[in-house]
Amino acid sequence: MTQKNINDMLTSYDKKNLTICTVCSHSSLQIFNGARKEGFKTLGIAIGEKKKFYDAFPLGKPDEFLIVNNYKDILKCTDELRKKNVVVIPHGSFVEYFGADNFIKLDLPTFGNRNVLMWESDRKMEREWLEGAGLTMPQEIKNPKDINKPVIVKYHGAKGGKGFFIAKTFDEFQKRIQKNKSFTIQEFVMGTRYYLHYFYSPIQDDAYKLSKGSLQLLSMDRRDETTIDEVHRLGSIAELEELGIHPTFVVTGNIPIVMRESLLPKVFKMGESVVEKSLELFGGIIGSFCLETVITEDLEFKVFEISARIVAGTNPYIAGSPYSEMIQPDLSTGRRIAQEIKYAAKKNLLHEVLS
Ligand code: ATP
């Protein structure tokens with residue numbers, strides 16, 4: 001899909017009658033709730049079947065469901081969706097399970113810049129972008145034989161940290177590695193984890209100003225990961241490893257968190273550099289994004305990943321966060337996305353925030 005295709009599509013849209021649409025999963029309750037608060041109609045794409053639990057959350061339930069057998073079938077429904085003036089909001093599960101290739105082809109206006117996908121999904125390009133922006137990332141260990149401190153081994157395309165493991169020596173690495181999968185080895189950064197939820201608007205100037213538009217910090221979370229976050233209840237990791245029990249990194253939920261205020265200048269500086277570099281590299285990371293960081297005891301940030309869209313870590317803040325409360329009461333990331341679309345529609349700037 002080129003930007004021209006999307007812009008052509010938008011000319012036939014009734015801009016006063018847009019429908020906010022996403023796949024029913026991940027942060028969809030929040031997205032629908034936020035859209036509803038901003039006066040939009042909402043449509044939920046349910047994969048396989050309509051999930052009954054939406055009935056229990058009337059303010060998070062979409063006005064309408066579209067049920068498809070599988071993710072790929074979304075591609076067959078785009079004519080129908082366009083007639084409803086649908087704007088798609090991508091989230092982590094949507095892009096992961098639909099597949100970046102399909103997402104790029106999707107002939108519907110989507111919130112954000114699709115060019116970000118290749119920069120984010122290729123670990124090499126991601127590093128080029130983030131380090132190019134002056135951020136510090138965990139050191140990469142190219143040769144497993146060079147492991148001389150704790151490392152985390154990450155399989156490519158693993159969903160939500162699945163299968164990742166820690167090794168402290170080459171021997172430990174050899175014992176655990178699944179040779180048929182491609183992987184990256186990173187220094188395991190000691191410190192505390194903060195997942196920072198930003199929002200970049202290329203069309204509004206009323207926040208932390210950048211060369212174009214402005215940046216907000218809406219919230220932050222820490223992920224709850226099983227079994228690493230609770231494994232100590234059974235004994236030390238070393239003891240358990242002797243028994244063949246290894247910690248894992250599968251996300252099960254998200255915990256609200258607030259950072260000491262003196263670190264906020266660094267948080268904004270990092271967000272600023274990431275956006276400025278993205279403008280230079282591929283036209284900008286638009287809307288919500290998350291830097292996944294570890295803060296060391298020297299109060300340095302190491303960024304191990306960027307997510308270029310709404311993350312599930314924003315879900316604790318459907319009624320606002322300690323940060324968004326200082327922007328506007330009751331402001332979630334889902335609602336902020338809806339506001340951006342509403343503002344863009346009113347000012348005839350949808351082409352700046354949709355691709
Ligand atoms: P997602 O795409 O959902 O963000 P992922 O599968 O790409 O997840 P990461 O976010 O890179 O995986 O890592 C999963 C978890 O592993 C992190 O949430 C964090 O707890 C831990 N982790 C990742 N990299 C490091 C590191 N370099 N040092 C310490 N812990 C790390």
# chains A, B, ... in the order shown; residues from 1 in each chain; ligands from 1
>>> residues_near_ligand(ligand="ligand 1", cutoff="6 Å", atoms="only C-alpha atoms and all ligand atoms", output="PyMOL selection string")
chain A and resi 138+158-161+186-189+249+304-305
>>> write_last_selection(atoms="N, CA and C atoms", output="mmCIF file, in the first residue's frame")
data_model
loop_
_atom_site.group_PDB
_atom_site.id
_atom_site.type_symbol
_atom_site.label_atom_id
_atom_site.label_comp_id
_atom_site.auth_asym_id
_atom_site.auth_seq_id
_atom_site.Cartn_x
_atom_site.Cartn_y
_atom_site.Cartn_z
ATOM 1 N N PRO A 138 21.704 -2.897 24.987
ATOM 2 C CA PRO A 138 22.550 -3.938 25.573
ATOM 3 C C PRO A 138 23.543 -4.430 24.519
ATOM 4 N N ALA A 158 9.984 -14.880 18.235
ATOM 5 C CA ALA A 158 9.326 -15.472 19.415
ATOM 6 C C ALA A 158 8.228 -14.516 19.849
ATOM 7 N N LYS A 159 7.101 -15.086 20.233
ATOM 8 C CA LYS A 159 6.000 -14.216 20.636
ATOM 9 C C LYS A 159 6.022 -14.024 22.150
ATOM 10 N N GLY A 160 6.140 -12.741 22.561
ATOM 11 C CA GLY A 160 6.097 -12.423 23.987
ATOM 12 C C GLY A 160 7.170 -13.094 24.819
ATOM 13 N N GLY A 161 8.381 -13.129 24.297
ATOM 14 C CA GLY A 161 9.503 -13.627 25.098
ATOM 15 C C GLY A 161 9.563 -15.148 25.202
ATOM 16 N N GLN A 186 22.247 -11.239 23.826
ATOM 17 C CA GLN A 186 22.442 -9.884 24.371
ATOM 18 C C GLN A 186 22.958 -9.996 25.781
ATOM 19 N N GLU A 187 23.782 -9.059 26.160
ATOM 20 C CA GLU A 187 24.168 -8.913 27.561
ATOM 21 C C GLU A 187 22.878 -8.835 28.393
ATOM 22 N N PHE A 188 22.790 -9.556 29.505
ATOM 23 C CA PHE A 188 21.637 -9.436 30.405
ATOM 24 C C PHE A 188 21.888 -8.217 31.282
ATOM 25 N N VAL A 189 21.085 -7.174 31.101
ATOM 26 C CA VAL A 189 21.341 -5.923 31.816
ATOM 27 C C VAL A 189 20.749 -6.008 33.220
ATOM 28 N N PHE A 249 10.257 -16.082 30.155
ATOM 29 C CA PHE A 249 9.934 -14.649 30.039
ATOM 30 C C PHE A 249 8.585 -14.394 29.384
ATOM 31 N N PHE A 304 16.305 -2.126 25.289
ATOM 32 C CA PHE A 304 16.482 -3.413 24.603
ATOM 33 C C PHE A 304 15.487 -3.625 23.469
ATOM 34 N N GLU A 305 14.486 -2.750 23.359
ATOM 35 C CA GLU A 305 13.510 -2.959 22.284
ATOM 36 C C GLU A 305 12.647 -1.717 22.110
#
>>> residues_around(residues="Asn113 of chain A", least_positions_apart="5", cutoff="10 Å", atoms="only C-alpha atoms", output="VMD selection string")
chain A and resid 3 282 to 287 308 to 309 352 to 355
>>> select_by_dssp(residues="segment 38-118 of chain A", states="helix (DSSP H, G or I)", output="ChimeraX atom specification")
/A:52-56,71-83,92-98,100-105,116-118
>>> atom_distance(atom1="atom CA of Arg335 of chain A", atom2="atom CA of Gly99 of chain A")
25.4 Å
>>> atom_distance(atom1="atom CA of Leu264 of chain A", atom2="atom CA of Ala133 of chain A")
17.7 Å
>>> residues_around(residues="segment 319-322 of chain A", least_positions_apart="2", cutoff="6 Å", atoms="only C-alpha atoms", output="list in words")
Ser219, Tyr317, Ser324, Glu325, Asp330, Leu331 and Ser332 of chain A
>>> write_last_selection(atoms="N, CA, C and O atoms", output="CSV table (one decimal), in the first residue's frame")
chain,number,residue,atom,x,y,z
A,219,SER,N,2.3,7.2,30.0
A,219,SER,CA,2.3,6.3,31.1
A,219,SER,C,3.6,5.4,31.1
A,219,SER,O,4.4,5.5,30.1
A,317,TYR,N,-4.1,1.8,32.5
A,317,TYR,CA,-4.5,3.2,32.5
A,317,TYR,C,-5.7,3.6,31.7
A,317,TYR,O,-5.7,4.7,31.1
A,324,SER,N,-0.6,11.0,32.4
A,324,SER,CA,-1.6,11.5,31.5
A,324,SER,C,-2.6,12.4,32.3
A,324,SER,O,-3.2,13.3,31.7
A,325,GLU,N,-2.8,12.1,33.6
A,325,GLU,CA,-3.7,13.0,34.4
A,325,GLU,C,-3.2,14.4,34.3
A,325,GLU,O,-4.0,15.3,34.5
A,330,ASP,N,-8.5,11.4,32.7
A,330,ASP,CA,-9.2,10.3,32.1
A,330,ASP,C,-8.6,10.0,30.7
A,330,ASP,O,-9.4,9.5,29.8
A,331,LEU,N,-7.3,10.3,30.5
A,331,LEU,CA,-6.7,10.1,29.1
A,331,LEU,C,-5.9,8.8,29.1
A,331,LEU,O,-4.9,8.7,29.6
A,332,SER,N,-6.4,7.8,28.3
A,332,SER,CA,-5.7,6.6,28.1
A,332,SER,C,-5.0,6.8,26.7
A,332,SER,O,-5.3,7.7,25.9
>>> residues_around(residues="segment 13-15 of chain A", least_positions_apart="4", cutoff="8 Å", atoms="only C-alpha atoms", output="PyMOL selection string")
chain A and resi 9+82+85+345
>>> write_last_selection(atoms="N, CA and C atoms", output="PDB file, in the first residue's frame")
ATOM      1  N   MET A   9      -7.989   6.594  -1.087  1.00  0.00           N
ATOM      2  CA  MET A   9      -9.065   5.943  -0.323  1.00  0.00           C
ATOM      3  C   MET A   9      -9.759   6.952   0.584  1.00  0.00           C
ATOM      4  N   ARG A  82     -14.232  -0.697   4.170  1.00  0.00           N
ATOM      5  CA  ARG A  82     -14.064   0.667   3.633  1.00  0.00           C
ATOM      6  C   ARG A  82     -15.399   1.396   3.557  1.00  0.00           C
ATOM      7  N   ASN A  85     -16.121   3.390   6.440  1.00  0.00           N
ATOM      8  CA  ASN A  85     -15.120   4.442   6.741  1.00  0.00           C
ATOM      9  C   ASN A  85     -14.207   4.016   7.891  1.00  0.00           C
ATOM     10  N   ALA A 345      -8.903  14.641  11.310  1.00  0.00           N
ATOM     11  CA  ALA A 345     -10.073  14.661  10.412  1.00  0.00           C
ATOM     12  C   ALA A 345     -10.611  16.089  10.316  1.00  0.00           C
TER      13      ALA A 345
END
>>> residues_around(residues="segment 293-296 of chain A", least_positions_apart="4", cutoff="7 Å", atoms="only C-alpha atoms", output="list of chain:residue names")
A:Val189, A:Met190, A:Gly191, A:Thr192, A:Arg193, A:Tyr194, A:Tyr195, A:Glu300, A:Phe301, A:Lys302, A:Val303, A:Phe304
>>> select_by_dssp(residues="segment 85-332 of chain A", states="strand (DSSP E)", output="ChimeraX atom specification")
/A:86-88,151-155,165-167,183-187,192-201,208-209,214-227,249-256,287-295,301-307
>>> residues_around(residues="Cys77 of chain A", least_positions_apart="6", cutoff="12 Å", atoms="only C-alpha atoms", output="number ranges by chain")
A: 45, 66-71, 83-84, 86, 106-108
>>> write_last_selection(atoms="N, CA, C and O atoms", output="PDB file, in the first residue's frame")
ATOM      1  N   ILE A  45     -12.879  -6.742  15.079  1.00  0.00           N
ATOM      2  CA  ILE A  45     -12.710  -7.946  14.253  1.00  0.00           C
ATOM      3  C   ILE A  45     -12.416  -9.102  15.198  1.00  0.00           C
ATOM      4  O   ILE A  45     -11.408  -9.090  15.916  1.00  0.00           O
ATOM      5  N   LEU A  66     -17.089  -7.956  13.453  1.00  0.00           N
ATOM      6  CA  LEU A  66     -16.948  -8.669  12.183  1.00  0.00           C
ATOM      7  C   LEU A  66     -16.216  -9.960  12.541  1.00  0.00           C
ATOM      8  O   LEU A  66     -15.119  -9.902  13.098  1.00  0.00           O
ATOM      9  N   ILE A  67     -16.862 -11.087  12.240  1.00  0.00           N
ATOM     10  CA  ILE A  67     -16.216 -12.351  12.629  1.00  0.00           C
ATOM     11  C   ILE A  67     -15.570 -12.992  11.400  1.00  0.00           C
ATOM     12  O   ILE A  67     -16.218 -13.157  10.363  1.00  0.00           O
ATOM     13  N   VAL A  68     -14.277 -13.276  11.501  1.00  0.00           N
ATOM     14  CA  VAL A  68     -13.564 -13.950  10.397  1.00  0.00           C
ATOM     15  C   VAL A  68     -12.958 -15.250  10.932  1.00  0.00           C
ATOM     16  O   VAL A  68     -12.733 -15.375  12.137  1.00  0.00           O
ATOM     17  N   ASN A  69     -12.723 -16.205  10.035  1.00  0.00           N
ATOM     18  CA  ASN A  69     -12.205 -17.508  10.483  1.00  0.00           C
ATOM     19  C   ASN A  69     -10.784 -17.421  10.994  1.00  0.00           C
ATOM     20  O   ASN A  69     -10.409 -18.107  11.927  1.00  0.00           O
ATOM     21  N   ASN A  70      -9.979 -16.600  10.307  1.00  0.00           N
ATOM     22  CA  ASN A  70      -8.584 -16.467  10.723  1.00  0.00           C
ATOM     23  C   ASN A  70      -8.086 -15.091  10.293  1.00  0.00           C
ATOM     24  O   ASN A  70      -8.775 -14.375   9.563  1.00  0.00           O
ATOM     25  N   TYR A  71      -6.895 -14.758  10.765  1.00  0.00           N
ATOM     26  CA  TYR A  71      -6.366 -13.414  10.511  1.00  0.00           C
ATOM     27  C   TYR A  71      -6.326 -13.082   9.019  1.00  0.00           C
ATOM     28  O   TYR A  71      -6.673 -11.995   8.599  1.00  0.00           O
ATOM     29  N   LYS A  83     -16.464   0.633   3.257  1.00  0.00           N
ATOM     30  CA  LYS A  83     -17.801   1.269   3.180  1.00  0.00           C
ATOM     31  C   LYS A  83     -18.199   1.847   4.531  1.00  0.00           C
ATOM     32  O   LYS A  83     -19.041   2.734   4.605  1.00  0.00           O
ATOM     33  N   LYS A  84     -17.609   1.321   5.577  1.00  0.00           N
ATOM     34  CA  LYS A  84     -17.929   1.842   6.927  1.00  0.00           C
ATOM     35  C   LYS A  84     -16.929   2.908   7.355  1.00  0.00           C
ATOM     36  O   LYS A  84     -16.858   3.242   8.525  1.00  0.00           O
ATOM     37  N   VAL A  86     -13.737   2.795   7.777  1.00  0.00           N
ATOM     38  CA  VAL A  86     -12.954   2.226   8.868  1.00  0.00           C
ATOM     39  C   VAL A  86     -11.518   2.756   8.896  1.00  0.00           C
ATOM     40  O   VAL A  86     -10.864   2.862   7.855  1.00  0.00           O
ATOM     41  N   LEU A 106      -2.442  -4.501   3.640  1.00  0.00           N
ATOM     42  CA  LEU A 106      -3.834  -4.238   4.018  1.00  0.00           C
ATOM     43  C   LEU A 106      -4.350  -2.949   3.367  1.00  0.00           C
ATOM     44  O   LEU A 106      -3.815  -1.860   3.622  1.00  0.00           O
ATOM     45  N   ASP A 107      -5.389  -3.080   2.518  1.00  0.00           N
ATOM     46  CA  ASP A 107      -5.835  -1.886   1.799  1.00  0.00           C
ATOM     47  C   ASP A 107      -6.943  -1.159   2.570  1.00  0.00           C
ATOM     48  O   ASP A 107      -8.083  -1.055   2.132  1.00  0.00           O
ATOM     49  N   LEU A 108      -6.533  -0.678   3.718  1.00  0.00           N
ATOM     50  CA  LEU A 108      -7.388   0.134   4.591  1.00  0.00           C
ATOM     51  C   LEU A 108      -6.500   1.177   5.252  1.00  0.00           C
ATOM     52  O   LEU A 108      -5.330   0.882   5.547  1.00  0.00           O
TER      53      LEU A 108
END
>>> atom_distance(atom1="atom CA of Ile147 of chain A", atom2="atom CA of Arg176 of chain A")
13.8 Å
>>> residues_around(residues="His91 of chain A", least_positions_apart="3", cutoff="8 Å", atoms="only C-alpha atoms", output="MDAnalysis selection string")
chainID A and resid 22 26:27 94:95 309:311
>>> closest_residue(among="A:Ile255, A:Ala238, A:Leu217, A:Met118", to="Lys168 of chain A", atoms="only C-alpha atoms")
A:Ala238
>>> decode(residues="segment 255-267 of chain A", atoms="all heavy atoms", output="short mmCIF file (atom, residue, chain, number, x, y, z; two decimals), in the first residue's frame")
data_model
loop_
_atom_site.label_atom_id
_atom_site.label_comp_id
_atom_site.auth_asym_id
_atom_site.auth_seq_id
_atom_site.Cartn_x
_atom_site.Cartn_y
_atom_site.Cartn_z
N ILE A 255 2.12 -4.22 35.19
CA ILE A 255 2.02 -3.60 36.51
C ILE A 255 2.29 -2.10 36.36
O ILE A 255 3.29 -1.70 35.76
CB ILE A 255 3.09 -4.22 37.44
CG1 ILE A 255 2.93 -5.74 37.47
CG2 ILE A 255 3.00 -3.64 38.85
CD1 ILE A 255 4.10 -6.47 38.10
N PRO A 256 1.41 -1.25 36.93
CA PRO A 256 1.65 0.19 36.83
C PRO A 256 2.91 0.59 37.61
O PRO A 256 3.23 -0.02 38.62
CB PRO A 256 0.43 0.84 37.49
CG PRO A 256 -0.51 -0.25 37.81
CD PRO A 256 0.20 -1.55 37.69
N ILE A 257 3.57 1.61 37.14
CA ILE A 257 4.79 2.05 37.81
C ILE A 257 5.01 3.54 37.53
O ILE A 257 4.53 4.06 36.52
CB ILE A 257 6.00 1.18 37.35
CG1 ILE A 257 7.14 1.28 38.34
CG2 ILE A 257 6.46 1.56 35.98
CD1 ILE A 257 8.13 0.13 38.23
N VAL A 258 5.74 4.19 38.44
CA VAL A 258 6.11 5.60 38.28
C VAL A 258 7.60 5.69 38.54
O VAL A 258 8.13 5.00 39.39
CB VAL A 258 5.31 6.47 39.27
CG1 VAL A 258 5.88 7.86 39.36
CG2 VAL A 258 3.84 6.54 38.86
N MET A 259 8.27 6.58 37.82
CA MET A 259 9.72 6.68 37.91
C MET A 259 10.11 7.91 38.74
O MET A 259 9.34 8.87 38.79
CB MET A 259 10.21 6.86 36.48
CG MET A 259 11.66 6.91 36.27
SD MET A 259 11.95 7.16 34.51
CE MET A 259 11.64 5.53 33.87
N ARG A 260 11.29 7.89 39.34
CA ARG A 260 11.70 9.10 40.06
C ARG A 260 11.75 10.27 39.07
O ARG A 260 12.23 10.12 37.95
CB ARG A 260 13.00 8.89 40.85
CG ARG A 260 14.15 8.37 40.07
CD ARG A 260 15.27 7.88 40.96
NE ARG A 260 16.11 8.98 41.43
CZ ARG A 260 17.24 8.81 42.10
NH1 ARG A 260 17.66 7.58 42.40
NH2 ARG A 260 17.95 9.84 42.50
N GLU A 261 11.26 11.41 39.56
CA GLU A 261 11.03 12.53 38.64
C GLU A 261 12.32 13.02 37.99
O GLU A 261 12.32 13.48 36.84
CB GLU A 261 10.32 13.67 39.40
CG GLU A 261 9.78 14.73 38.47
CD GLU A 261 8.92 15.78 39.20
OE1 GLU A 261 8.09 15.40 40.04
OE2 GLU A 261 9.11 16.97 38.92
N SER A 262 13.43 12.89 38.70
CA SER A 262 14.69 13.41 38.16
C SER A 262 15.13 12.67 36.89
O SER A 262 16.02 13.13 36.18
CB SER A 262 15.78 13.34 39.23
OG SER A 262 15.92 12.00 39.65
N LEU A 263 14.51 11.51 36.63
CA LEU A 263 14.89 10.78 35.41
C LEU A 263 14.07 11.21 34.19
O LEU A 263 14.38 10.82 33.06
CB LEU A 263 14.74 9.27 35.63
CG LEU A 263 15.76 8.65 36.59
CD1 LEU A 263 15.38 7.22 36.94
CD2 LEU A 263 17.15 8.68 35.97
N LEU A 264 13.04 12.00 34.42
CA LEU A 264 12.16 12.35 33.29
C LEU A 264 12.87 13.12 32.16
O LEU A 264 12.56 12.89 30.98
CB LEU A 264 10.93 13.11 33.77
CG LEU A 264 9.91 12.25 34.55
CD1 LEU A 264 8.72 13.09 34.98
CD2 LEU A 264 9.44 11.05 33.74
N PRO A 265 13.81 14.02 32.47
CA PRO A 265 14.49 14.68 31.34
C PRO A 265 15.14 13.67 30.39
O PRO A 265 15.07 13.82 29.17
CB PRO A 265 15.55 15.55 32.03
CG PRO A 265 14.98 15.82 33.39
CD PRO A 265 14.21 14.58 33.77
N LYS A 266 15.72 12.60 30.97
CA LYS A 266 16.35 11.58 30.10
C LYS A 266 15.28 10.85 29.29
O LYS A 266 15.50 10.49 28.14
CB LYS A 266 17.11 10.55 30.96
CG LYS A 266 18.46 11.02 31.43
CD LYS A 266 19.24 9.86 32.06
CE LYS A 266 20.56 10.36 32.63
NZ LYS A 266 21.22 9.39 33.50
N VAL A 267 14.14 10.60 29.92
CA VAL A 267 13.06 9.89 29.23
C VAL A 267 12.61 10.70 28.00
O VAL A 267 12.44 10.16 26.90
CB VAL A 267 11.87 9.65 30.20
CG1 VAL A 267 10.63 9.19 29.45
CG2 VAL A 267 12.28 8.65 31.27
#
